[in-house]
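Have a look at entry-v9.txt below; it lists compact mmCIF, C-alpha atoms.
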# COMPACT_ATOMS: atom_id res chain seq x y z
CA MET A 1188 132.56 81.99 139.09
CA ASN A 1189 129.82 80.85 141.44
CA SER A 1190 129.93 77.44 143.08
CA GLU A 1191 126.32 76.99 144.23
CA SER A 1192 124.81 73.61 143.45
CA VAL A 1193 122.10 73.47 140.82
CA ALA A 1194 119.49 72.25 143.35
CA THR A 1195 120.17 75.24 145.58
CA ILE A 1196 119.89 77.58 142.65
CA PHE A 1197 116.61 76.04 141.53
CA ILE A 1198 114.95 76.16 144.95
CA ASN A 1199 116.30 79.62 145.59
CA ALA A 1200 114.85 81.03 142.38
CA ALA A 1201 111.53 79.18 142.63
CA LEU A 1202 110.65 79.53 146.31
CA VAL A 1203 112.97 81.51 148.56
CA ASN A 1204 113.55 84.45 146.25
CA ASN A 1205 110.46 84.02 144.17
CA PHE A 1206 110.69 86.44 141.25
CA VAL A 1207 107.18 87.77 141.64
CA LEU A 1208 106.66 87.77 145.38
CA ALA A 1209 110.13 88.64 146.63
CA TYR A 1210 111.77 90.55 143.74
CA PHE A 1211 108.57 92.10 142.32
CA LEU A 1212 109.50 91.18 138.78
CA GLY A 1213 106.71 90.61 136.30
CA ILE A 1214 103.98 92.26 138.32
CA CYS A 1215 102.08 93.47 135.24
CA PRO A 1216 101.20 90.00 133.90
CA PHE A 1217 100.83 88.80 137.49
CA LEU A 1218 97.97 91.25 138.01
CA GLY A 1219 96.74 91.26 134.43
CA VAL A 1220 96.48 87.59 133.46
CA SER A 1221 95.66 86.04 136.81
CA ALA A 1222 91.87 86.29 136.58
CA LYS A 1223 91.41 82.78 135.13
CA LEU A 1224 93.25 79.62 136.11
CA ALA A 1225 93.56 78.21 132.58
CA THR A 1226 95.01 81.39 131.11
CA ALA A 1227 97.39 81.75 134.02
CA THR A 1228 98.81 78.25 133.51
CA ARG A 1229 99.45 78.88 129.83
CA MET A 1230 100.94 82.27 130.43
CA GLY A 1231 103.24 80.64 132.96
CA ALA A 1232 104.32 78.04 130.43
CA ALA A 1233 105.00 80.72 127.80
CA VAL A 1234 107.09 82.73 130.25
CA CYS A 1235 109.01 79.59 131.33
CA PHE A 1236 109.91 78.85 127.75
CA VAL A 1237 110.97 82.40 126.93
CA MET A 1238 113.02 82.49 130.13
CA LEU A 1239 114.88 79.33 129.28
CA VAL A 1240 115.72 80.42 125.75
CA SER A 1241 116.67 83.97 126.66
CA SER A 1242 118.78 82.80 129.58
CA LEU A 1243 120.82 80.62 127.25
CA SER A 1244 121.19 83.41 124.69
CA ALA A 1245 122.05 85.92 127.40
CA TYR A 1246 124.82 83.62 128.57
CA GLY A 1247 126.23 83.39 125.05
CA ILE A 1248 126.00 87.09 124.41
CA ASN A 1249 127.63 87.94 127.70
CA MET A 1250 130.62 85.72 126.86
CA LEU A 1251 130.91 87.43 123.49
CA LEU A 1252 130.65 90.91 125.00
CA GLU A 1253 133.20 90.15 127.66
CA ALA A 1254 135.60 88.78 125.07
CA THR A 1255 135.30 91.97 123.02
CA GLY A 1256 135.27 94.27 126.06
CA ALA A 1257 131.99 95.91 125.10
CA THR A 1258 130.08 95.22 128.31
CA PHE A 1259 128.38 98.63 128.20
CA LEU A 1260 126.30 97.23 125.33
CA ARG A 1261 124.99 94.43 127.57
CA LEU A 1262 121.59 95.94 128.31
CA ILE A 1263 120.87 96.85 124.71
CA CYS A 1264 121.90 93.42 123.42
CA PHE A 1265 119.87 91.56 126.04
CA ILE A 1266 116.70 93.47 125.32
CA VAL A 1267 117.00 92.97 121.56
CA VAL A 1268 117.50 89.23 121.96
CA ILE A 1269 114.57 88.93 124.33
CA ALA A 1270 112.34 90.88 121.98
CA SER A 1271 113.21 88.53 119.11
CA MET A 1272 112.61 85.46 121.31
CA VAL A 1273 109.16 86.74 122.24
CA GLN A 1274 108.40 87.34 118.58
CA LEU A 1275 109.37 83.73 117.89
CA VAL A 1276 107.18 82.33 120.64
CA GLU A 1277 104.33 84.53 119.49
CA MET A 1278 104.51 83.16 115.94
CA PHE A 1279 104.69 79.62 117.30
CA VAL A 1280 101.66 80.05 119.57
CA ARG A 1281 99.62 81.74 116.86
CA LYS A 1282 100.22 78.78 114.53
CA SER A 1283 99.84 75.98 117.07
CA SER A 1284 96.93 77.25 119.18
CA PRO A 1285 94.83 80.20 117.97
CA THR A 1286 92.56 79.95 121.03
CA LEU A 1287 95.50 80.32 123.38
CA PHE A 1288 96.76 83.18 121.22
CA LYS A 1289 93.43 84.97 121.69
CA ALA A 1290 93.29 84.24 125.41
CA LEU A 1291 96.76 85.65 126.05
CA GLY A 1292 95.99 88.68 123.90
CA ILE A 1293 98.17 91.70 124.48
CA PHE A 1294 100.12 89.97 127.24
CA LEU A 1295 102.06 87.78 124.86
CA PRO A 1296 103.90 90.62 123.11
CA LEU A 1297 104.16 92.28 126.51
CA ILE A 1298 106.40 89.45 127.72
CA THR A 1299 109.08 91.59 126.05
CA THR A 1300 108.53 94.23 128.68
CA ASN A 1301 108.18 91.60 131.40
CA CYS A 1302 110.90 92.61 133.79
CA ALA A 1303 111.22 89.03 135.01
CA ILE A 1304 112.87 87.97 131.76
CA LEU A 1305 115.36 90.81 131.56
CA GLY A 1306 115.85 90.60 135.32
CA LEU A 1307 116.76 86.95 135.00
CA ALA A 1308 119.34 87.71 132.32
CA LEU A 1309 120.86 90.51 134.42
CA PHE A 1310 120.88 88.55 137.69
CA GLN A 1311 122.54 85.49 136.20
CA THR A 1312 125.24 87.72 134.72
CA ASN A 1313 125.77 89.54 138.02
CA LYS A 1314 126.00 86.28 139.91
CA GLY A 1315 128.45 84.83 137.42
CA TYR A 1316 126.58 81.56 136.80
CA ASP A 1317 127.98 79.14 134.24
CA MET A 1318 125.81 77.59 131.55
CA ILE A 1319 124.30 74.71 133.56
CA GLN A 1320 123.66 76.97 136.53
CA SER A 1321 122.00 79.53 134.26
CA VAL A 1322 119.65 76.91 132.86
CA PHE A 1323 118.59 75.81 136.32
CA TYR A 1324 118.24 79.40 137.43
CA ALA A 1325 115.93 80.07 134.47
CA LEU A 1326 113.94 76.91 135.19
CA GLY A 1327 113.53 77.83 138.84
CA ALA A 1328 112.51 81.37 138.00
CA GLY A 1329 109.99 80.12 135.45
CA VAL A 1330 108.50 77.58 137.85
CA GLY A 1331 108.34 80.21 140.59
CA PHE A 1332 106.59 82.65 138.28
CA THR A 1333 104.07 80.04 137.17
CA LEU A 1334 103.48 78.96 140.75
CA ALA A 1335 102.75 82.52 141.89
CA LEU A 1336 100.51 83.15 138.89
CA VAL A 1337 98.53 79.93 139.35
CA LEU A 1338 98.10 80.44 143.10
CA MET A 1339 96.89 83.95 142.49
CA ALA A 1340 94.48 82.87 139.74
CA GLY A 1341 93.04 80.15 141.98
CA ILE A 1342 92.37 82.63 144.76
CA ARG A 1343 90.91 85.20 142.40
CA GLU A 1344 88.53 82.63 140.86
CA LYS A 1345 87.15 81.95 144.34
CA LEU A 1346 87.07 85.65 145.08
CA ALA A 1347 84.86 86.36 142.07
CA LEU A 1348 82.01 84.72 143.98
CA ALA A 1349 82.50 86.80 147.13
CA THR A 1350 80.86 90.16 147.72
CA LEU A 1351 83.42 92.90 148.16
CA PRO A 1352 83.03 96.56 149.06
CA ASP A 1353 83.13 98.75 145.96
CA SER A 1354 86.35 100.54 146.77
CA VAL A 1355 88.38 97.39 147.36
CA ASP A 1356 87.33 95.65 144.19
CA GLY A 1357 89.89 95.27 141.41
CA THR A 1358 93.57 96.03 141.80
CA ALA A 1359 93.41 96.91 145.48
CA ILE A 1360 92.23 93.49 146.63
CA SER A 1361 94.64 91.72 144.23
CA LEU A 1362 97.53 93.60 145.79
CA MET A 1363 96.45 92.69 149.31
CA ILE A 1364 96.24 89.03 148.34
CA ALA A 1365 99.66 89.27 146.76
CA GLY A 1366 100.92 90.72 150.03
CA ILE A 1367 99.58 87.77 151.99
CA LEU A 1368 101.04 85.32 149.45
CA SER A 1369 104.36 87.08 149.73
CA LEU A 1370 104.21 86.74 153.52
CA ALA A 1371 103.55 83.04 153.10
CA PHE A 1372 106.53 82.67 150.78
CA MET A 1373 108.74 84.28 153.40
CA GLY A 1374 108.30 81.04 155.30
CA PHE A 1375 110.69 79.47 152.79
CA ALA A 1376 113.52 81.75 153.89
CA GLY A 1377 116.47 79.71 155.07
CA LEU A 1378 115.70 76.82 152.72
CA GLY A 1379 118.47 75.99 150.30
CA MET B 668 95.38 130.55 121.38
CA ASP B 669 93.64 130.15 124.73
CA ASN B 670 92.45 126.76 123.71
CA GLN B 671 95.96 125.78 122.66
CA GLN B 672 97.39 126.73 126.04
CA ALA B 673 94.67 124.92 127.90
CA THR B 674 95.48 121.71 126.08
CA SER B 675 99.20 121.96 126.76
CA ALA B 676 98.59 122.63 130.44
CA ASP B 677 96.28 119.68 130.51
CA THR B 678 98.91 117.51 128.83
CA PHE B 679 101.11 118.20 131.83
CA ILE B 680 98.50 118.02 134.57
CA LYS B 681 96.74 114.82 133.54
CA GLY B 682 99.78 112.73 134.53
CA LEU B 683 99.73 114.06 138.06
CA TRP B 684 96.36 112.80 139.19
CA ARG B 685 93.64 111.98 136.66
CA ASP B 686 95.83 109.62 134.61
CA ASN B 687 98.45 108.98 137.27
CA PRO B 688 100.63 106.20 135.84
CA VAL B 689 100.76 104.21 139.06
CA PHE B 690 97.47 104.71 140.84
CA VAL B 691 95.15 104.95 137.86
CA GLN B 692 96.82 103.27 134.91
CA VAL B 693 98.63 100.65 137.01
CA LEU B 694 101.75 100.85 134.84
CA GLY B 695 105.36 100.31 135.85
CA MET B 696 104.48 98.37 138.98
CA CYS B 697 107.76 96.54 139.46
CA PRO B 698 109.93 99.48 140.56
CA VAL B 699 106.98 100.93 142.50
CA LEU B 700 106.98 97.89 144.72
CA ALA B 701 110.61 96.89 144.66
CA VAL B 702 112.64 100.00 145.43
CA THR B 703 110.27 101.86 147.71
CA ASN B 704 111.60 100.45 150.98
CA SER B 705 113.11 103.86 151.73
CA ALA B 706 112.27 107.38 150.61
CA VAL B 707 115.77 108.04 149.20
CA ASN B 708 115.65 104.96 146.98
CA ALA B 709 112.17 105.88 145.83
CA LEU B 710 113.16 109.44 144.94
CA THR B 711 116.26 108.35 143.01
CA MET B 712 114.27 105.79 141.08
CA GLY B 713 111.54 108.34 140.33
CA LEU B 714 114.01 110.91 139.05
CA ALA B 715 115.90 108.33 136.98
CA THR B 716 112.65 107.22 135.38
CA LEU B 717 111.61 110.83 134.80
CA PHE B 718 114.88 111.51 132.98
CA VAL B 719 114.64 108.43 130.78
CA LEU B 720 111.00 109.15 130.03
CA LEU B 721 111.77 112.75 129.09
CA MET B 722 114.74 111.93 126.84
CA SER B 723 113.07 109.01 125.12
CA ASN B 724 109.87 110.99 124.54
CA ILE B 725 111.92 113.77 122.92
CA MET B 726 113.86 111.34 120.72
CA VAL B 727 110.82 109.34 119.71
CA SER B 728 108.86 112.47 118.95
CA LEU B 729 111.68 113.90 116.81
CA LEU B 730 112.13 110.66 114.92
CA ARG B 731 108.44 109.81 114.66
CA ASN B 732 108.26 110.50 110.92
CA TRP B 733 111.38 108.49 110.11
CA ILE B 734 110.78 105.29 112.04
CA PRO B 735 108.96 102.69 109.91
CA LYS B 736 105.77 101.47 111.55
CA GLU B 737 106.79 97.78 111.51
CA VAL B 738 109.92 98.17 113.61
CA ARG B 739 108.75 101.00 115.84
CA ILE B 740 108.58 99.02 119.09
CA ALA B 741 112.11 97.69 118.62
CA SER B 742 113.37 101.18 117.78
CA PHE B 743 111.66 102.66 120.85
CA ILE B 744 113.23 100.03 123.07
CA LEU B 745 116.67 100.73 121.62
CA ILE B 746 116.27 104.45 122.29
CA ILE B 747 115.10 103.76 125.84
CA ALA B 748 117.90 101.26 126.51
CA THR B 749 120.50 103.80 125.43
CA PHE B 750 119.30 106.37 127.95
CA VAL B 751 118.94 103.78 130.69
CA THR B 752 122.56 102.70 130.22
CA LEU B 753 123.50 106.36 130.53
CA VAL B 754 121.54 106.81 133.76
CA ASP B 755 122.97 103.59 135.14
CA TYR B 756 126.54 104.84 134.73
CA VAL B 757 125.69 108.32 136.04
CA ILE B 758 124.16 106.96 139.26
CA GLN B 759 127.13 104.64 139.67
CA ALA B 760 129.42 107.67 139.39
CA ILE B 761 127.45 109.80 141.84
CA SER B 762 126.85 107.29 144.59
CA LEU B 763 128.00 103.70 144.60
CA ASP B 764 125.93 102.91 147.70
CA LEU B 765 122.74 104.08 146.06
CA HIS B 766 123.58 102.08 142.97
CA LYS B 767 124.04 98.98 145.10
CA ASN B 768 120.73 99.54 146.90
CA LEU B 769 118.81 99.86 143.69
CA GLY B 770 120.62 96.91 142.19
CA ALA B 771 119.37 95.67 138.85
CA PHE B 772 116.30 97.87 139.04
CA ILE B 773 117.97 100.78 137.28
CA SER B 774 118.69 98.59 134.27
CA LEU B 775 115.15 97.34 134.53
CA ILE B 776 113.81 100.84 133.76
CA VAL B 777 114.13 99.62 130.16
CA VAL B 778 111.18 97.33 130.61
CA ASN B 779 109.07 99.80 132.55
CA CYS B 780 105.79 99.63 130.64
CA LEU B 781 105.17 103.27 131.46
CA ILE B 782 108.01 104.53 129.26
CA LEU B 783 107.27 102.31 126.28
CA GLY B 784 103.58 103.05 126.75
CA ARG B 785 104.12 106.83 126.56
CA ALA B 786 106.44 106.47 123.56
CA GLU B 787 103.84 104.41 121.72
CA ALA B 788 100.67 106.18 122.84
CA PHE B 789 101.84 109.77 122.93
CA ALA B 790 105.30 110.71 121.66
CA SER B 791 105.00 108.82 118.36
CA LYS B 792 101.94 110.91 117.47
CA HIS B 793 102.73 114.35 118.88
CA PRO B 794 105.32 117.11 118.27
CA PRO B 795 108.32 117.42 120.63
CA LEU B 796 106.95 120.22 122.79
CA SER B 797 103.79 118.49 123.91
CA SER B 798 105.77 115.24 124.28
CA VAL B 799 108.07 117.01 126.71
CA LEU B 800 105.08 118.24 128.71
CA ASP B 801 103.56 114.78 128.67
CA ALA B 802 106.82 113.21 129.87
CA LEU B 803 107.22 115.80 132.62
CA GLY B 804 103.65 115.28 133.80
CA MET B 805 103.77 111.50 133.75
CA GLY B 806 107.27 111.40 135.23
CA THR B 807 106.32 113.73 138.06
CA GLY B 808 103.20 111.70 138.73
CA PHE B 809 105.31 108.55 138.83
CA THR B 810 107.91 110.12 141.14
CA PHE B 811 105.12 111.38 143.39
CA ALA B 812 103.62 107.91 143.63
CA LEU B 813 107.01 106.35 144.39
CA LEU B 814 107.72 108.98 147.02
CA CYS B 815 104.33 108.34 148.68
CA MET B 816 105.07 104.63 148.85
CA GLY B 817 108.66 105.11 149.97
CA SER B 818 107.82 107.57 152.74
CA ILE B 819 104.97 105.49 154.12
CA ARG B 820 107.01 102.29 154.10
CA GLU B 821 110.09 103.87 155.61
CA LEU B 822 108.04 105.66 158.26
CA LEU B 823 106.20 102.56 159.39
CA GLY B 824 108.97 100.07 158.84
CA ASN B 825 111.88 102.07 160.18
CA GLY B 826 110.34 105.05 161.99
CA SER B 827 112.09 107.56 159.75
CA VAL B 828 111.72 109.51 156.50
CA PHE B 829 114.83 110.23 154.36
CA GLY B 830 116.85 108.81 157.25
CA TRP B 831 115.45 111.33 159.79
CA ALA B 832 113.98 109.56 162.79
CA LEU B 833 110.49 110.88 163.41
CA PHE B 834 109.34 108.71 166.26
CA ALA B 835 110.64 108.30 169.79
CA ASP B 836 112.98 105.40 170.49
CA SER B 837 110.15 103.46 172.09
CA TYR B 838 108.55 103.06 168.65
CA GLN B 839 108.40 99.43 167.56
CA PRO B 840 109.02 99.41 163.80
CA TRP B 841 106.73 97.28 161.65
CA VAL B 842 109.51 95.36 159.99
CA VAL B 843 107.00 93.81 157.61
CA MET B 844 106.54 97.16 155.87
CA ILE B 845 110.08 97.20 154.48
CA LEU B 846 109.87 93.54 153.52
CA PRO B 847 108.40 92.64 150.10
CA SER B 848 104.90 91.97 151.41
CA GLY B 849 104.75 95.47 152.90
CA GLY B 850 105.04 96.88 149.39
CA PHE B 851 101.96 94.99 148.27
CA PHE B 852 99.99 96.03 151.36
CA THR B 853 100.92 99.71 151.11
CA LEU B 854 100.05 99.94 147.44
CA GLY B 855 96.80 98.04 148.02
CA VAL B 856 95.73 100.42 150.76
CA LEU B 857 96.72 103.49 148.71
CA MET B 858 94.67 102.19 145.76
CA LEU B 859 91.73 101.60 148.07
CA VAL B 860 91.89 105.19 149.36
CA ILE B 861 92.17 106.62 145.86
CA ASN B 862 89.27 104.51 144.59
CA ARG B 863 87.22 105.76 147.49
CA ILE B 864 88.08 109.42 146.86
CA ASN B 865 87.34 109.12 143.15
CA LYS B 866 83.99 107.45 143.86
CA ARG B 867 83.06 110.19 146.33
CA VAL B 868 83.97 112.90 143.83
CA ALA B 869 82.01 111.22 141.05
CA LEU B 870 79.03 110.84 143.34
CA SER B 871 79.02 114.48 144.46
CA ASN B 872 79.45 115.62 140.84
CA ALA B 873 76.47 113.54 139.81
CA ARG B 874 74.46 114.98 142.68
CA SER B 875 75.28 118.60 141.91
CA GLU B 876 74.29 118.04 138.28
CA ALA B 877 70.99 116.44 139.19
Could I get this file's structure written as structure tokens?
Amino acid sequence: MNSESVATIFINAALVNNFVLAYFLGICPFLGVSAKLATATRMGAAVCFVMLVSSLSAYGINMLLEATGATFLRLICFIVVIASMVQLVEMFVRKSSPTLFKALGIFLPLITTNCAILGLALFQTNKGYDMIQSVFYALGAGVGFTLALVLMAGIREKLALATLPDSVDGTAISLMIAGILSLAFMGFAGLG
Amino acid sequence: MDNQQATSADTFIKGLWRDNPVFVQVLGMCPVLAVTNSAVNALTMGLATLFVLLMSNIMVSLLRNWIPKEVRIASFILIIATFVTLVDYVIQAISLDLHKNLGAFISLIVVNCLILGRAEAFASKHPPLSSVLDALGMGTGFTFALLCMGSIRELLGNGSVFGWALFADSYQPWVVMILPSGGFFTLGVLMLVINRINKRVALSNARSEA
């Protein structure tokens, strides 16, 4: 059992050990959906929601697996649950906002293969968080992911107006920016 | 027959450079950035991914006519997760230190878009033999990319490659290179170089044709 306070856990997951910039989880959507600010915000919200739900289910499943002694099935169970959660969110978004559904495009189903979600489930299990701690961990991770995505999208919107050399354009410059952002986030080390 | 062989060779070779999963397709970025702070970690991760890719491509290709279209993604993920669990336990048995260094990233091979992408785009449509070649090509390309990253970062950040010190003691290591931001920088610079080379090649090809 882990005795960290929920505030520490939240700040840790959101800023100090930001999932994208320190753990490199969820890089694909980070590079793929961060071209426009509006899309980035919504993607962040979708990921937050999926994180919260899958963190809760992961906690439940882990208890069940530990009770039955079948922990080697952990990975398989987690991924199946996450896939079903994503399916659920996808159906919800398609019904409630077709424009958003179009804007997110392929990246919505790809949340399934977003390592940040599975990473969250695995980390919280490894750290032995209880239910409340898990929820705050998921919230922090989601907020951190959204923050990184929105920051990146803001910079890239400005960058679209700048003239860049041919060879740097595209992924290369995005990665450099991410590197600088990651350096900036290192300033949070020691907090919490 | 000649034509047949040419295609199978091409199936293997395309993963190495032209369709390199990391540098060209930008797939499977998370492990590329996360575990490449030393060459040993990078190599282990590359080989583990190669194995999972190979086994899952074989399974998917064998089962491609039995898996219903509607549940194919879920089935692919189950197949992949099975092999990843296997690899996880094997690495734990071989070297506990290595397992600790790589942390959750071995389990996270499950969500490597590269593997699911190959299962969906290639193995589910092709017979086992060419799927094997495809997996070997892509996996080697991926390992190569990881090794590039790992060696560069370890060399600059620690002054060594595979733990062998290459520089004199007076060398001041760039600690930033083994920190997370170093991963982004290294990959960014590598992409820049590769873009540049590809542009040069395309330009000279266009010139020689004209």
| Residue contacts of stretch 742-747 of chain B (8 Å, only C-alpha atoms) excluding same-chain residues fewer than 5 positions away, as a list in words |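 Close residues of stretch 742-747 of chain B: Ile1263, Ile1266 and Val1267 of chain A; Val719, Leu720, Ser723, Met726, Val727, Ile734, Val777, Ile782, Leu783 and Ala786 of chain B.
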| request: May I ask for the distance between atom CA of A:Phe1211 and atom CA of B:Cys697, given in Å to one decimal place? | output: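 About the pair atom CA of A:Phe1211 and atom CA of B:Cys697: they are 5.3 Å apart.
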List every residue of chain B that has an atom at most 8 Å from any atom of chain A, and for each one report the closest atom pair and its distance in Å to one decimal, counting only C-alpha atoms, with rows sorted by chain and then by increasing residue number, as a Markdown table.
| residue | atom | partner | partner_atom | distance |
| --- | --- | --- | --- | --- |
| B:Leu694 | CA | A:Cys1215 | CA | 7.4 |
| B:Gly695 | CA | A:Cys1215 | CA | 7.6 |
| B:Met696 | CA | A:Ile1214 | CA | 6.2 |
| B:Cys697 | CA | A:Phe1211 | CA | 5.3 |
| B:Pro698 | CA | A:Phe1211 | CA | 7.7 |
| B:Leu700 | CA | A:Phe1211 | CA | 6.5 |
| B:Ala701 | CA | A:Phe1211 | CA | 5.7 |
| B:Ala741 | CA | A:Val1267 | CA | 7.4 |
| B:Ile744 | CA | A:Ile1266 | CA | 7.8 |
| B:Leu745 | CA | A:Ile1263 | CA | 6.5 |
| B:Ala748 | CA | A:Ile1263 | CA | 5.6 |
| B:Thr749 | CA | A:Ile1263 | CA | 7.0 |
| B:Thr752 | CA | A:Leu1262 | CA | 7.1 |
| B:Ala771 | CA | A:Leu1309 | CA | 7.0 |
| B:Ser774 | CA | A:Leu1262 | CA | 7.1 |
| B:Leu775 | CA | A:Cys1302 | CA | 6.4 |
| B:Val777 | CA | A:Thr1300 | CA | 7.9 |
| B:Val778 | CA | A:Thr1300 | CA | 4.5 |
| B:Asn779 | CA | A:Thr1300 | CA | 6.8 |
| B:Cys780 | CA | A:Thr1300 | CA | 6.4 |
| B:Pro847 | CA | A:Ala1209 | CA | 5.6 |
| B:Ser848 | CA | A:Gly1366 | CA | 4.4 |
| B:Gly849 | CA | A:Gly1366 | CA | 6.7 |
| B:Gly850 | CA | A:Gly1366 | CA | 7.4 |
| B:Phe851 | CA | A:Gly1366 | CA | 4.7 |
| B:Phe852 | CA | A:Met1363 | CA | 5.3 |
| B:Leu854 | CA | A:Leu1362 | CA | 7.0 |
| B:Gly855 | CA | A:Ala1359 | CA | 4.4 |
| B:Val856 | CA | A:Ala1359 | CA | 6.8 |
| B:Met858 | CA | A:Ala1359 | CA | 5.4 |
| B:Leu859 | CA | A:Val1355 | CA | 5.4 |
| B:Val860 | CA | A:Ser1354 | CA | 7.7 |
| B:Asn862 | CA | A:Ser1354 | CA | 5.4 |
| B:Arg863 | CA | A:Ser1354 | CA | 5.3 |
| B:Lys866 | CA | A:Ser1354 | CA | 7.9 |
| task | Record the distance separating atom CA of A:Leu1202 and atom CA of B:Leu857, expressed in Å with one decimal. | result |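 These two atoms are separated by 27.8 Å.
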| field | Of the listed residues A:Gln1274, A:Thr1350, A:Ser1321, A:Thr1333, that which approaches A:Met1230 most closely, counting all atoms listed in the file | value |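 Distance minimum relative to A:Met1230 lands on A:Thr1333.
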| field | Spatial neighbours of stretch 800-810 of chain B, max dist 7 Å, all atoms listed in the file, sep filter under 2 positions, as a PyMOL selection string | value | chain B and resi 678-684+687-689+710+713-714+716-717+720-721+724+796-798+812-814
| message | Considering all atoms listed in the file, can you say which of A:Phe1217, A:Phe1288, A:Phe1279, A:Phe1206 comes closest to A:Phe1236? | response |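 The closest residue to A:Phe1236 is A:Phe1279.
If you look at atom CA of B:Arg785 and atom CA of A:Val1220, they are 21.8 Å away from each other.
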Write out as a short mmCIF file (atom, residue, chain, number, x, y, z; two decimals) with C-alpha atoms, in the frame of the given file the residues lying within 10 Å of A:Leu1326, counting only C-alpha atoms and excluding same-chain residues fewer than 2 positions away.
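Result file is part-v4.cif:
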data_model
loop_
_atom_site.label_atom_id
_atom_site.label_comp_id
_atom_site.auth_asym_id
_atom_site.auth_seq_id
_atom_site.Cartn_x
_atom_site.Cartn_y
_atom_site.Cartn_z
CA ILE A 1196 119.89 77.58 142.65
CA PHE A 1197 116.61 76.04 141.53
CA ILE A 1198 114.95 76.16 144.95
CA ALA A 1200 114.85 81.03 142.38
CA ALA A 1201 111.53 79.18 142.63
CA CYS A 1235 109.01 79.59 131.33
CA PHE A 1236 109.91 78.85 127.75
CA MET A 1238 113.02 82.49 130.13
CA LEU A 1239 114.88 79.33 129.28
CA SER A 1242 118.78 82.80 129.58
CA GLN A 1320 123.66 76.97 136.53
CA SER A 1321 122.00 79.53 134.26
CA VAL A 1322 119.65 76.91 132.86
CA PHE A 1323 118.59 75.81 136.32
CA TYR A 1324 118.24 79.40 137.43
CA ALA A 1328 112.51 81.37 138.00
CA GLY A 1329 109.99 80.12 135.45
CA VAL A 1330 108.50 77.58 137.85
CA GLY A 1331 108.34 80.21 140.59
CA PHE A 1332 106.59 82.65 138.28
#
| From the set A:Thr1226, A:Asn1205, A:Asn1199, A:Ser1241, which residue has the shortest atom-to-atom contact distance to A:Thr1286, counting all atoms listed in the file? | A:Thr1226
